[in-house]
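Enquirer: Once you've had a glance at the structure underneath, I'll fire off some questions.
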Amino acid sequence: MTQDQASGLRMMNQPNNEKVKVIAVSGGKGGVGKTSVSINTAVALAEKGKRVLILDADLGLANVDVMLGIRAEKNLSHVLSGESELDDVIVRGPKGIGIIPATSGSQTMVELTPAQHVGLIRAFSEMRTQFDVLIVDTAAGISDMVLSFSRASQDVLIVVCDEPTSITDAYALIKILSREHGVFRFKIVANMVRSLREGMELFAKLSKVTDRFLDVALELVATVPYDDNVRKSVRKQKLVVEAFPKSPSTIAYHSLANKIISWPVPEQPGGHLEFFIERLVQRPDHHEGNVSE
Ligand SMILES: Nc1ncnc2c1ncn2[C@@H]1O[C@H](COP(=O)(O)OP(=O)(O)OP(=O)(O)O)[C@@H](O)[C@H]1O
């Protein structure tokens, strides 16, 4: 689809001009806590009155719905194949958050075909469901899908934890996003840390290498403590923010949610998801940097 076609679709289908904040949550490495950060923060935002939608773009492994014990009849694969619209696959989670489930684990669709990519862009431009924040829980690694969602989002959150490969994989992701996709600002979440200090040290480790080799700006936006209640609540198929409202990680997710609310949404003519779709269709060499300058 060309950009012109994309504009046409938007003009036909955008129901209103509400501004939407789109945040990609990435990590480079798997298992760092991306999904936990995405859904707990989503529920914290919902508790503050925001309408939140999570796109589970972790196409290799269905995650969000499993973590919440939700049985989804339809998922992103039905949208990609053109059988369903995005509005029809959205399932409701705690506090009314909307979830667009990923394809099931049996389907290995880590990379999208060009036709599926076009289908996804069309699906977004035709979506009628109203929301204030879209959180894209991307897959681990640096597939095209991760790169295009990160490029298209206003804010890119990178989750890291204290494991050597977490820092190197986060660095690899930041390098490719900055060098080839025009993303220069990154918001770092230090996860599973034993102390605030450990979080700051982790951030310092990553900034040291990015400052030396890349032209990017990193900001530490959250330090989520290691918290046994995260796993305990998963076993109950609940989220820690619901099951343990006073737990240290819950407090950290709420503080991240408050920050997210304070981040400006860039002024875009037409509003809604226009910029997101625009940037999903953009080729990597046509970028201008993240929008949240
Ligand atoms: N703050 C935390 N304290 C303790 N355990 C945590 C914390 N955050 C996440 N975990 C645990 O770490 C494991 C990995 O978390 P999660 O599934 O959210 O990671 P992920 O990065 O999305 O992984 P994947 O890429 O494999 O989907 C889970 O067992 C989760 O319960």
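As shown in the structure tokens, the chain order sets the letters A, B, ...; within each chain, residues go from 1, and ligands are also counted from 1 in the order they appear.
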Could you give me, as a VMD selection string, every polymer residue with an atom at most 10 Å away from an atom of ligand 1, counting only C-alpha atoms and all ligand atoms?

Expert: chain A and resid 25 to 40 56 58 to 64 67 137 to 141 159 to 161 190 to 194 223 to 235 239 to 240 248 to 250 252 to 253

Enquirer: So which bits of range 34-282 of chain A end up helix (DSSP H, G or I) when you DSSP the backbone, as a PyMOL selection string?

Expert: chain A and resi 34-47+64-68+76-80+86-89+94-96+114-125+144-152+164-180+196-213+228-235+240-243+248-262+274-281

Enquirer: Per DSSP on the backbone, filter range 21-191 of chain A down to the residues in strand (DSSP E) and report them as an NGL selection string.

Expert: :A and (21-26 or 52-57 or 91-92 or 98-100 or 133-138 or 155-161 or 185-191)

Enquirer: Please dump the current selection as a compact mmCIF listing (two decimals), in the first residue's frame; keep N, CA and C atoms.

Expert:
```
# COMPACT_ATOMS: atom_id res chain seq x y z
N LYS A 21 -2.17 7.89 22.53
CA LYS A 21 -0.75 7.74 22.83
C LYS A 21 -0.37 6.30 22.50
N VAL A 22 0.64 6.12 21.68
CA VAL A 22 1.04 4.76 21.33
C VAL A 22 2.43 4.48 21.88
N ILE A 23 2.53 3.42 22.65
CA ILE A 23 3.79 3.09 23.32
C ILE A 23 4.20 1.68 22.94
N ALA A 24 5.40 1.52 22.44
CA ALA A 24 5.89 0.17 22.15
C ALA A 24 6.73 -0.29 23.33
N VAL A 25 6.51 -1.52 23.76
CA VAL A 25 7.33 -2.07 24.84
C VAL A 25 8.19 -3.18 24.24
N SER A 26 9.49 -2.96 24.27
CA SER A 26 10.43 -3.92 23.68
C SER A 26 11.45 -4.30 24.72
N VAL A 52 -7.51 1.77 27.73
CA VAL A 52 -6.24 1.21 27.26
C VAL A 52 -6.48 0.00 26.36
N LEU A 53 -5.70 -0.08 25.32
CA LEU A 53 -5.74 -1.24 24.44
C LEU A 53 -4.33 -1.79 24.37
N ILE A 54 -4.20 -3.12 24.52
CA ILE A 54 -2.89 -3.75 24.37
C ILE A 54 -2.89 -4.56 23.09
N LEU A 55 -1.91 -4.32 22.27
CA LEU A 55 -1.73 -5.16 21.09
C LEU A 55 -0.62 -6.14 21.42
N ASP A 56 -0.99 -7.41 21.49
CA ASP A 56 0.01 -8.42 21.78
C ASP A 56 0.68 -8.80 20.46
N ALA A 57 1.78 -8.11 20.19
CA ALA A 57 2.46 -8.33 18.91
C ALA A 57 3.57 -9.35 19.04
N VAL A 91 -10.59 -8.60 23.22
CA VAL A 91 -11.21 -9.20 24.40
C VAL A 91 -10.97 -8.24 25.57
N ARG A 92 -11.84 -8.33 26.56
CA ARG A 92 -11.72 -7.41 27.69
C ARG A 92 -11.02 -8.08 28.87
N GLY A 98 -8.65 -3.39 26.92
CA GLY A 98 -8.88 -4.17 25.70
C GLY A 98 -7.59 -4.88 25.31
N ILE A 99 -7.73 -6.11 24.82
CA ILE A 99 -6.54 -6.86 24.41
C ILE A 99 -6.77 -7.41 23.01
N ILE A 100 -5.81 -7.17 22.16
CA ILE A 100 -5.83 -7.81 20.84
C ILE A 100 -4.86 -8.98 20.95
N VAL A 133 -4.84 5.08 25.15
CA VAL A 133 -3.45 4.60 25.10
C VAL A 133 -3.43 3.23 24.42
N LEU A 134 -2.53 3.08 23.47
CA LEU A 134 -2.31 1.78 22.83
C LEU A 134 -0.91 1.31 23.25
N ILE A 135 -0.86 0.16 23.91
CA ILE A 135 0.44 -0.39 24.32
C ILE A 135 0.74 -1.58 23.41
N VAL A 136 1.85 -1.52 22.73
CA VAL A 136 2.21 -2.62 21.83
C VAL A 136 3.29 -3.46 22.52
N ASP A 137 2.89 -4.67 22.90
CA ASP A 137 3.85 -5.58 23.54
C ASP A 137 4.55 -6.33 22.41
N THR A 138 5.76 -5.90 22.08
CA THR A 138 6.43 -6.48 20.90
C THR A 138 7.11 -7.80 21.27
N ASP A 155 6.43 6.59 21.85
CA ASP A 155 7.42 6.33 22.88
C ASP A 155 7.84 4.87 22.81
N VAL A 156 9.12 4.65 22.96
CA VAL A 156 9.63 3.28 22.95
C VAL A 156 10.19 2.98 24.33
N LEU A 157 9.55 2.01 24.98
CA LEU A 157 10.02 1.58 26.29
C LEU A 157 10.89 0.36 26.10
N ILE A 158 12.06 0.36 26.69
CA ILE A 158 12.93 -0.82 26.60
C ILE A 158 13.10 -1.39 28.01
N VAL A 159 12.68 -2.63 28.16
CA VAL A 159 12.78 -3.26 29.48
C VAL A 159 14.11 -4.02 29.57
N VAL A 160 14.84 -3.75 30.63
CA VAL A 160 16.10 -4.47 30.84
C VAL A 160 16.12 -5.06 32.24
N CYS A 161 16.92 -6.10 32.41
CA CYS A 161 17.12 -6.63 33.76
C CYS A 161 18.59 -6.96 33.92
N ARG A 185 15.07 8.40 20.80
CA ARG A 185 14.79 8.58 22.24
C ARG A 185 14.20 7.29 22.79
N PHE A 186 14.75 6.86 23.89
CA PHE A 186 14.32 5.59 24.47
C PHE A 186 14.05 5.76 25.95
N LYS A 187 12.99 5.12 26.40
CA LYS A 187 12.64 5.18 27.81
C LYS A 187 12.93 3.81 28.41
N ILE A 188 13.78 3.81 29.39
CA ILE A 188 14.26 2.54 29.92
C ILE A 188 13.53 2.15 31.20
N VAL A 189 13.12 0.89 31.26
CA VAL A 189 12.53 0.34 32.48
C VAL A 189 13.50 -0.71 33.01
N ALA A 190 14.03 -0.49 34.21
CA ALA A 190 14.90 -1.48 34.84
C ALA A 190 13.99 -2.41 35.64
N ASN A 191 13.96 -3.68 35.25
CA ASN A 191 13.02 -4.60 35.88
C ASN A 191 13.74 -5.63 36.75
```

Enquirer: Point out the residue among A:Thr129, A:Ser153, A:Gln116, A:Asn258 with the least atom-to-atom distance to Glu47 in chain A, counting only C-alpha atoms.

Expert: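 Closest candidate: A:Asn258.
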
Enquirer: Excluding Lys175 in chain A and residues on its chain fewer than 5 positions from it, collect all residues at most 9 Å away from it, counting only C-alpha atoms, and give them as a list in words.

Expert: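 Returned residues: Ala170, Glu180, Thr210, Phe213, Leu214 and Val216 of chain A.
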
Enquirer: What's the separation between CA of Ser255 in chain A and CA of Leu68 in chain A, in Å to one decimal place?

Expert: 21.9 Å
